Amino acid sequence: MSVFLGTHENRFDAKGRVSIPAGFRTVLKAQHTEGDSLVILRPSHTMPCIEAWPAGAFSRLTQPLDRLDMFSDEHDDLAAALYADAYPLDPDREGRIIIPDFLREHAGITESPLVSFMGVGRTFQIWEPEAARQRRAEARQRSRRISIPAAAHDGPDGGAA
């Protein structure tokens, strides 16, 4: 399974376009399904950045909606949060996209000539470069306190240990 790795800075051009890093485009194309947009951008719920989702991953993100009563307030709220500010995009031949103004404002990149693309596994994020540096530093610091339960593993005879 291909994942988005690393942090890359790219510059906006005179027309407001920015190139998705080549490695990220490779992952997007590997996961692409004909008829879907290559990437879906949406504002993060918790951070001042833009989330970038391959269409298939975004579809999986929205599946829990199907378990809610479609006429409930919970469904309406979650649907609005997920869909109303989501923007499907296809880069041009050079891999450039134009990030909608609303999303640029959310990420604080309206005046910035540079943008940081930060890989976070199944998705990537778009940040103002200094905010991205701060986020990575905070994440490294906080991750030192995280302990993940060990996965069950096989014993020497091939059965569960």
# chains A, B, ... in the order shown; residues from 1 in each chain; ligands from 1
>>> select_by_dssp(residues="chain A", states="helix (DSSP H, G or I)", output="ChimeraX atom specification")
/A:22-31,55-67,73-84,101-107,129-143
>>> select_by_dssp(residues="segment 3-124 of chain A", states="strand (DSSP E or B)", output="ChimeraX atom specification")
/A:4,7-11,17-19,39-43,50-53,87-89,96-98,114-119,121,124
>>> atom_distance(atom1="atom CA of Asp101 of chain A", atom2="atom CA of Asn10 of chain A")
17.5 Å
>>> residues_around(residues="Pro48 of chain A", least_positions_apart="4", cutoff="7 Å", atoms="only C-alpha atoms", output="list in words")
Ser44, His106 and Ala107 of chain A
>>> residues_around(residues="segment 50-64 of chain A", least_positions_apart="4", cutoff="9 Å", atoms="only C-alpha atoms", output="PDB file with N, CA, C and O atoms, in the first residue's frame")
ATOM      1  N   VAL A  27       1.500   8.484  -5.605  1.00  0.00           N
ATOM      2  CA  VAL A  27       0.593   7.761  -4.704  1.00  0.00           C
ATOM      3  C   VAL A  27      -0.855   8.002  -5.113  1.00  0.00           C
ATOM      4  O   VAL A  27      -1.660   7.064  -5.174  1.00  0.00           O
ATOM      5  N   LEU A  28      -1.212   9.255  -5.398  1.00  0.00           N
ATOM      6  CA  LEU A  28      -2.581   9.561  -5.816  1.00  0.00           C
ATOM      7  C   LEU A  28      -2.967   8.788  -7.072  1.00  0.00           C
ATOM      8  O   LEU A  28      -4.058   8.222  -7.154  1.00  0.00           O
ATOM      9  N   LYS A  29      -2.068   8.758  -8.050  1.00  0.00           N
ATOM     10  CA  LYS A  29      -2.369   8.050  -9.302  1.00  0.00           C
ATOM     11  C   LYS A  29      -2.489   6.553  -9.084  1.00  0.00           C
ATOM     12  O   LYS A  29      -3.330   5.893  -9.709  1.00  0.00           O
ATOM     13  N   GLN A  31      -3.704   5.120  -6.533  1.00  0.00           N
ATOM     14  CA  GLN A  31      -4.964   4.838  -5.852  1.00  0.00           C
ATOM     15  C   GLN A  31      -6.177   5.334  -6.632  1.00  0.00           C
ATOM     16  O   GLN A  31      -7.313   5.137  -6.209  1.00  0.00           O
ATOM     17  N   HIS A  32      -5.930   5.978  -7.755  1.00  0.00           N
ATOM     18  CA  HIS A  32      -7.001   6.618  -8.515  1.00  0.00           C
ATOM     19  C   HIS A  32      -7.913   5.610  -9.198  1.00  0.00           C
ATOM     20  O   HIS A  32      -7.472   4.587  -9.718  1.00  0.00           O
ATOM     21  N   THR A  33      -9.202   5.907  -9.186  1.00  0.00           N
ATOM     22  CA  THR A  33     -10.212   5.135  -9.904  1.00  0.00           C
ATOM     23  C   THR A  33     -10.774   6.026 -11.005  1.00  0.00           C
ATOM     24  O   THR A  33     -11.108   7.194 -10.744  1.00  0.00           O
ATOM     25  N   ASP A  36     -13.222   9.334 -10.860  1.00  0.00           N
ATOM     26  CA  ASP A  36     -13.088  10.112  -9.618  1.00  0.00           C
ATOM     27  C   ASP A  36     -12.074  11.223  -9.818  1.00  0.00           C
ATOM     28  O   ASP A  36     -11.186  11.123 -10.674  1.00  0.00           O
ATOM     29  N   SER A  37     -12.176  12.252  -9.008  1.00  0.00           N
ATOM     30  CA  SER A  37     -11.133  13.272  -8.989  1.00  0.00           C
ATOM     31  C   SER A  37      -9.878  12.662  -8.381  1.00  0.00           C
ATOM     32  O   SER A  37      -9.953  11.716  -7.593  1.00  0.00           O
ATOM     33  N   LEU A  38      -8.723  13.227  -8.713  1.00  0.00           N
ATOM     34  CA  LEU A  38      -7.469  12.684  -8.205  1.00  0.00           C
ATOM     35  C   LEU A  38      -7.319  12.941  -6.705  1.00  0.00           C
ATOM     36  O   LEU A  38      -6.828  12.095  -5.972  1.00  0.00           O
ATOM     37  N   VAL A  39      -7.790  14.108  -6.246  1.00  0.00           N
ATOM     38  CA  VAL A  39      -7.631  14.461  -4.835  1.00  0.00           C
ATOM     39  C   VAL A  39      -8.831  15.287  -4.382  1.00  0.00           C
ATOM     40  O   VAL A  39      -9.441  16.000  -5.183  1.00  0.00           O
ATOM     41  N   ILE A  40      -9.169  15.148  -3.107  1.00  0.00           N
ATOM     42  CA  ILE A  40     -10.237  15.948  -2.507  1.00  0.00           C
ATOM     43  C   ILE A  40      -9.617  16.734  -1.366  1.00  0.00           C
ATOM     44  O   ILE A  40      -8.990  16.161  -0.462  1.00  0.00           O
ATOM     45  N   LEU A  41      -9.772  18.054  -1.419  1.00  0.00           N
ATOM     46  CA  LEU A  41      -9.254  18.932  -0.374  1.00  0.00           C
ATOM     47  C   LEU A  41     -10.389  19.355   0.543  1.00  0.00           C
ATOM     48  O   LEU A  41     -11.503  19.607   0.092  1.00  0.00           O
ATOM     49  N   ARG A  42     -10.076  19.436   1.837  1.00  0.00           N
ATOM     50  CA  ARG A  42     -11.067  19.906   2.818  1.00  0.00           C
ATOM     51  C   ARG A  42     -10.314  20.507   3.991  1.00  0.00           C
ATOM     52  O   ARG A  42      -9.168  20.143   4.250  1.00  0.00           O
ATOM     53  N   PRO A  43     -10.966  21.420   4.736  1.00  0.00           N
ATOM     54  CA  PRO A  43     -10.304  21.985   5.911  1.00  0.00           C
ATOM     55  C   PRO A  43     -10.234  20.945   7.028  1.00  0.00           C
ATOM     56  O   PRO A  43     -11.158  20.158   7.211  1.00  0.00           O
ATOM     57  N   SER A  44      -9.131  20.952   7.753  1.00  0.00           N
ATOM     58  CA  SER A  44      -9.029  20.080   8.915  1.00  0.00           C
ATOM     59  C   SER A  44     -10.006  20.564   9.977  1.00  0.00           C
ATOM     60  O   SER A  44     -10.193  21.768  10.164  1.00  0.00           O
ATOM     61  N   LEU A  68     -26.271   6.481  10.112  1.00  0.00           N
ATOM     62  CA  LEU A  68     -27.104   7.465  10.814  1.00  0.00           C
ATOM     63  C   LEU A  68     -28.428   7.651  10.074  1.00  0.00           C
ATOM     64  O   LEU A  68     -28.489   7.517   8.850  1.00  0.00           O
ATOM     65  N   LEU A  78     -22.848  16.103  10.341  1.00  0.00           N
ATOM     66  CA  LEU A  78     -21.676  15.397   9.846  1.00  0.00           C
ATOM     67  C   LEU A  78     -21.565  15.529   8.323  1.00  0.00           C
ATOM     68  O   LEU A  78     -20.466  15.740   7.789  1.00  0.00           O
ATOM     69  N   ALA A  79     -22.685  15.441   7.634  1.00  0.00           N
ATOM     70  CA  ALA A  79     -22.661  15.589   6.176  1.00  0.00           C
ATOM     71  C   ALA A  79     -22.180  16.979   5.782  1.00  0.00           C
ATOM     72  O   ALA A  79     -21.350  17.130   4.865  1.00  0.00           O
ATOM     73  N   LEU A  82     -18.397  17.228   6.441  1.00  0.00           N
ATOM     74  CA  LEU A  82     -17.569  16.454   5.520  1.00  0.00           C
ATOM     75  C   LEU A  82     -17.664  16.931   4.072  1.00  0.00           C
ATOM     76  O   LEU A  82     -16.660  17.000   3.364  1.00  0.00           O
ATOM     77  N   TYR A  83     -18.870  17.228   3.600  1.00  0.00           N
ATOM     78  CA  TYR A  83     -19.077  17.493   2.184  1.00  0.00           C
ATOM     79  C   TYR A  83     -19.105  18.965   1.783  1.00  0.00           C
ATOM     80  O   TYR A  83     -18.640  19.318   0.701  1.00  0.00           O
ATOM     81  N   PRO A  88     -13.198  18.578  -4.798  1.00  0.00           N
ATOM     82  CA  PRO A  88     -12.482  17.611  -5.644  1.00  0.00           C
ATOM     83  C   PRO A  88     -11.685  18.356  -6.711  1.00  0.00           C
ATOM     84  O   PRO A  88     -12.189  19.300  -7.326  1.00  0.00           O
ATOM     85  N   LEU A 103     -10.074  27.602   1.545  1.00  0.00           N
ATOM     86  CA  LEU A 103      -9.117  26.682   2.155  1.00  0.00           C
ATOM     87  C   LEU A 103      -7.790  27.375   2.430  1.00  0.00           C
ATOM     88  O   LEU A 103      -7.149  27.123   3.451  1.00  0.00           O
ATOM     89  N   ARG A 104      -7.364  28.270   1.534  1.00  0.00           N
ATOM     90  CA  ARG A 104      -6.126  29.032   1.773  1.00  0.00           C
ATOM     91  C   ARG A 104      -6.262  29.871   3.037  1.00  0.00           C
ATOM     92  O   ARG A 104      -5.317  29.963   3.832  1.00  0.00           O
ATOM     93  N   HIS A 106      -8.243  29.226   5.619  1.00  0.00           N
ATOM     94  CA  HIS A 106      -8.257  28.308   6.750  1.00  0.00           C
ATOM     95  C   HIS A 106      -6.835  27.918   7.160  1.00  0.00           C
ATOM     96  O   HIS A 106      -6.525  27.819   8.347  1.00  0.00           O
ATOM     97  N   ALA A 107      -5.958  27.704   6.184  1.00  0.00           N
ATOM     98  CA  ALA A 107      -4.588  27.259   6.462  1.00  0.00           C
ATOM     99  C   ALA A 107      -3.613  28.427   6.648  1.00  0.00           C
ATOM    100  O   ALA A 107      -2.431  28.194   6.916  1.00  0.00           O
ATOM    101  N   ARG A 122      -2.037   7.785   4.968  1.00  0.00           N
ATOM    102  CA  ARG A 122      -3.080   7.602   3.942  1.00  0.00           C
ATOM    103  C   ARG A 122      -3.542   8.899   3.303  1.00  0.00           C
ATOM    104  O   ARG A 122      -4.234   8.883   2.286  1.00  0.00           O
ATOM    105  N   THR A 123      -3.189  10.035   3.917  1.00  0.00           N
ATOM    106  CA  THR A 123      -3.548  11.346   3.382  1.00  0.00           C
ATOM    107  C   THR A 123      -2.331  12.252   3.480  1.00  0.00           C
ATOM    108  O   THR A 123      -1.296  11.867   4.008  1.00  0.00           O
ATOM    109  N   PHE A 124      -2.470  13.471   2.974  1.00  0.00           N
ATOM    110  CA  PHE A 124      -1.448  14.478   3.228  1.00  0.00           C
ATOM    111  C   PHE A 124      -2.133  15.777   3.607  1.00  0.00           C
ATOM    112  O   PHE A 124      -3.346  15.933   3.450  1.00  0.00           O
ATOM    113  N   GLN A 125      -1.339  16.674   4.176  1.00  0.00           N
ATOM    114  CA  GLN A 125      -1.860  17.954   4.646  1.00  0.00           C
ATOM    115  C   GLN A 125      -1.090  19.074   3.974  1.00  0.00           C
ATOM    116  O   GLN A 125       0.082  18.911   3.615  1.00  0.00           O
ATOM    117  N   ILE A 126      -1.754  20.210   3.826  1.00  0.00           N
ATOM    118  CA  ILE A 126      -1.136  21.399   3.236  1.00  0.00           C
ATOM    119  C   ILE A 126      -1.130  22.481   4.310  1.00  0.00           C
ATOM    120  O   ILE A 126      -2.174  22.811   4.875  1.00  0.00           O
ATOM    121  N   TRP A 127       0.063  23.010   4.595  1.00  0.00           N
ATOM    122  CA  TRP A 127       0.276  23.930   5.708  1.00  0.00           C
ATOM    123  C   TRP A 127       1.018  25.191   5.270  1.00  0.00           C
ATOM    124  O   TRP A 127       1.797  25.156   4.311  1.00  0.00           O
TER     125      TRP A 127
END
>>> closest_residue(among="A:Met70, A:Ile98, A:Ala152, A:Val115", to="Arg133 of chain A", atoms="only C-alpha atoms")
A:Val115
>>> residues_around(residues="Arg93 of chain A", least_positions_apart="5", cutoff="12 Å", atoms="only C-alpha atoms", output="VMD selection string")
chain A and resid 19 to 20 22 25
>>> atom_distance(atom1="atom CA of Gly23 of chain A", atom2="atom CA of Phe4 of chain A")
7.7 Å
>>> residues_around(residues="Glu130 of chain A", least_positions_apart="2", cutoff="12 Å", atoms="only C-alpha atoms", output="list in words")
Glu9, Pro48, Cys49, Ala107, Gly108, Ile109, Ser112, Leu114, Val115, Ser116, Phe117, Ile126, Trp127, Glu128, Ala132, Arg133, Gln134, Arg135, Arg136 and Ala137 of chain A
>>> write_last_selection(atoms="N, CA and C atoms", output="PDB file, in the first residue's frame")
ATOM      1  N   GLU A   9       8.241  21.548   0.471  1.00  0.00           N
ATOM      2  CA  GLU A   9       7.793  22.921   0.261  1.00  0.00           C
ATOM      3  C   GLU A   9       7.782  23.237  -1.220  1.00  0.00           C
ATOM      4  N   PRO A  48      -5.010  24.111  11.718  1.00  0.00           N
ATOM      5  CA  PRO A  48      -5.054  25.129  10.656  1.00  0.00           C
ATOM      6  C   PRO A  48      -4.329  24.654   9.400  1.00  0.00           C
ATOM      7  N   CYS A  49      -4.870  23.607   8.799  1.00  0.00           N
ATOM      8  CA  CYS A  49      -4.280  23.065   7.573  1.00  0.00           C
ATOM      9  C   CYS A  49      -5.393  22.542   6.685  1.00  0.00           C
ATOM     10  N   ALA A 107      -5.958  27.704   6.184  1.00  0.00           N
ATOM     11  CA  ALA A 107      -4.588  27.259   6.462  1.00  0.00           C
ATOM     12  C   ALA A 107      -3.613  28.427   6.648  1.00  0.00           C
ATOM     13  N   GLY A 108      -4.088  29.649   6.530  1.00  0.00           N
ATOM     14  CA  GLY A 108      -3.208  30.800   6.714  1.00  0.00           C
ATOM     15  C   GLY A 108      -2.173  30.953   5.610  1.00  0.00           C
ATOM     16  N   ILE A 109      -2.547  30.581   4.388  1.00  0.00           N
ATOM     17  CA  ILE A 109      -1.597  30.662   3.276  1.00  0.00           C
ATOM     18  C   ILE A 109      -2.055  31.642   2.197  1.00  0.00           C
ATOM     19  N   SER A 112       1.225  33.798   1.828  1.00  0.00           N
ATOM     20  CA  SER A 112       2.475  33.047   1.792  1.00  0.00           C
ATOM     21  C   SER A 112       2.865  32.667   0.363  1.00  0.00           C
ATOM     22  N   LEU A 114       5.034  30.347  -0.199  1.00  0.00           N
ATOM     23  CA  LEU A 114       5.353  28.927  -0.093  1.00  0.00           C
ATOM     24  C   LEU A 114       4.256  28.185   0.637  1.00  0.00           C
ATOM     25  N   VAL A 115       4.211  26.894   0.390  1.00  0.00           N
ATOM     26  CA  VAL A 115       3.277  26.018   1.078  1.00  0.00           C
ATOM     27  C   VAL A 115       4.009  24.714   1.380  1.00  0.00           C
ATOM     28  N   SER A 116       3.697  24.098   2.514  1.00  0.00           N
ATOM     29  CA  SER A 116       4.287  22.814   2.881  1.00  0.00           C
ATOM     30  C   SER A 116       3.266  21.704   2.677  1.00  0.00           C
ATOM     31  N   PHE A 117       3.699  20.648   2.009  1.00  0.00           N
ATOM     32  CA  PHE A 117       2.908  19.437   1.840  1.00  0.00           C
ATOM     33  C   PHE A 117       3.482  18.424   2.817  1.00  0.00           C
ATOM     34  N   ILE A 126      -1.754  20.210   3.826  1.00  0.00           N
ATOM     35  CA  ILE A 126      -1.136  21.399   3.236  1.00  0.00           C
ATOM     36  C   ILE A 126      -1.130  22.481   4.310  1.00  0.00           C
ATOM     37  N   TRP A 127       0.063  23.010   4.595  1.00  0.00           N
ATOM     38  CA  TRP A 127       0.276  23.930   5.708  1.00  0.00           C
ATOM     39  C   TRP A 127       1.018  25.191   5.270  1.00  0.00           C
ATOM     40  N   GLU A 128       0.877  26.230   6.057  1.00  0.00           N
ATOM     41  CA  GLU A 128       1.792  27.363   5.999  1.00  0.00           C
ATOM     42  C   GLU A 128       3.114  26.808   6.529  1.00  0.00           C
ATOM     43  N   ALA A 132       3.728  24.308   9.752  1.00  0.00           N
ATOM     44  CA  ALA A 132       4.060  22.893   9.538  1.00  0.00           C
ATOM     45  C   ALA A 132       5.263  22.492  10.383  1.00  0.00           C
ATOM     46  N   ARG A 133       6.275  23.345  10.455  1.00  0.00           N
ATOM     47  CA  ARG A 133       7.450  23.049  11.277  1.00  0.00           C
ATOM     48  C   ARG A 133       7.048  22.909  12.745  1.00  0.00           C
ATOM     49  N   GLN A 134       6.201  23.829  13.201  1.00  0.00           N
ATOM     50  CA  GLN A 134       5.739  23.769  14.592  1.00  0.00           C
ATOM     51  C   GLN A 134       4.932  22.498  14.837  1.00  0.00           C
ATOM     52  N   ARG A 135       4.062  22.147  13.917  1.00  0.00           N
ATOM     53  CA  ARG A 135       3.234  20.945  14.067  1.00  0.00           C
ATOM     54  C   ARG A 135       4.100  19.691  14.149  1.00  0.00           C
ATOM     55  N   ARG A 136       5.097  19.591  13.269  1.00  0.00           N
ATOM     56  CA  ARG A 136       5.972  18.415  13.307  1.00  0.00           C
ATOM     57  C   ARG A 136       6.747  18.355  14.619  1.00  0.00           C
ATOM     58  N   ALA A 137       7.223  19.498  15.106  1.00  0.00           N
ATOM     59  CA  ALA A 137       7.962  19.520  16.381  1.00  0.00           C
ATOM     60  C   ALA A 137       7.055  19.096  17.532  1.00  0.00           C
TER      61      ALA A 137
END
>>> residues_around(residues="Pro113 of chain A", least_positions_apart="3", cutoff="10 Å", atoms="only C-alpha atoms", output="list in words")
Asn10, Arg11, Phe12, Asp13, Ala14, Gly16, Val18, Ile109, Thr110, Glu128 and Pro129 of chain A
>>> write_last_selection(atoms="N, CA, C and O atoms", output="mmCIF file, in the first residue's frame")
data_model
loop_
_atom_site.group_PDB
_atom_site.id
_atom_site.type_symbol
_atom_site.label_atom_id
_atom_site.label_comp_id
_atom_site.auth_asym_id
_atom_site.auth_seq_id
_atom_site.Cartn_x
_atom_site.Cartn_y
_atom_site.Cartn_z
ATOM 1 N N ASN A 10 6.690 23.831 -1.671
ATOM 2 C CA ASN A 10 6.587 24.292 -3.052
ATOM 3 C C ASN A 10 6.088 25.723 -3.052
ATOM 4 O O ASN A 10 5.430 26.172 -2.102
ATOM 5 N N ARG A 11 6.377 26.416 -4.124
ATOM 6 C CA ARG A 11 6.044 27.834 -4.265
ATOM 7 C C ARG A 11 4.807 28.004 -5.150
ATOM 8 O O ARG A 11 4.647 27.301 -6.147
ATOM 9 N N PHE A 12 3.956 28.961 -4.775
ATOM 10 C CA PHE A 12 2.844 29.338 -5.643
ATOM 11 C C PHE A 12 3.411 30.074 -6.847
ATOM 12 O O PHE A 12 4.347 30.874 -6.713
ATOM 13 N N ASP A 13 2.836 29.827 -8.040
ATOM 14 C CA ASP A 13 3.278 30.588 -9.213
ATOM 15 C C ASP A 13 2.454 31.869 -9.323
ATOM 16 O O ASP A 13 1.591 32.150 -8.480
ATOM 17 N N ALA A 14 2.731 32.648 -10.355
ATOM 18 C CA ALA A 14 2.070 33.948 -10.530
ATOM 19 C C ALA A 14 0.554 33.820 -10.690
ATOM 20 O O ALA A 14 -0.181 34.764 -10.401
ATOM 21 N N GLY A 16 -1.242 31.645 -8.995
ATOM 22 C CA GLY A 16 -1.799 31.067 -7.774
ATOM 23 C C GLY A 16 -1.826 29.554 -7.760
ATOM 24 O O GLY A 16 -2.474 28.951 -6.904
ATOM 25 N N VAL A 18 0.008 25.751 -7.393
ATOM 26 C CA VAL A 18 1.111 25.115 -6.685
ATOM 27 C C VAL A 18 1.154 23.654 -7.098
ATOM 28 O O VAL A 18 0.112 23.033 -7.315
ATOM 29 N N ILE A 109 -2.547 30.581 4.388
ATOM 30 C CA ILE A 109 -1.597 30.662 3.276
ATOM 31 C C ILE A 109 -2.055 31.642 2.197
ATOM 32 O O ILE A 109 -1.667 31.519 1.039
ATOM 33 N N THR A 110 -2.846 32.638 2.575
ATOM 34 C CA THR A 110 -3.315 33.600 1.580
ATOM 35 C C THR A 110 -2.194 34.517 1.113
ATOM 36 O O THR A 110 -2.179 34.931 -0.037
ATOM 37 N N GLU A 128 0.877 26.230 6.057
ATOM 38 C CA GLU A 128 1.792 27.363 5.999
ATOM 39 C C GLU A 128 3.114 26.808 6.529
ATOM 40 O O GLU A 128 3.123 26.078 7.518
ATOM 41 N N PRO A 129 4.253 27.077 5.881
ATOM 42 C CA PRO A 129 5.502 26.400 6.230
ATOM 43 C C PRO A 129 5.922 26.486 7.699
ATOM 44 O O PRO A 129 6.329 25.469 8.276
#
>>> atom_distance(atom1="atom CA of Phe102 of chain A", atom2="atom CA of Ala84 of chain A")
11.7 Å
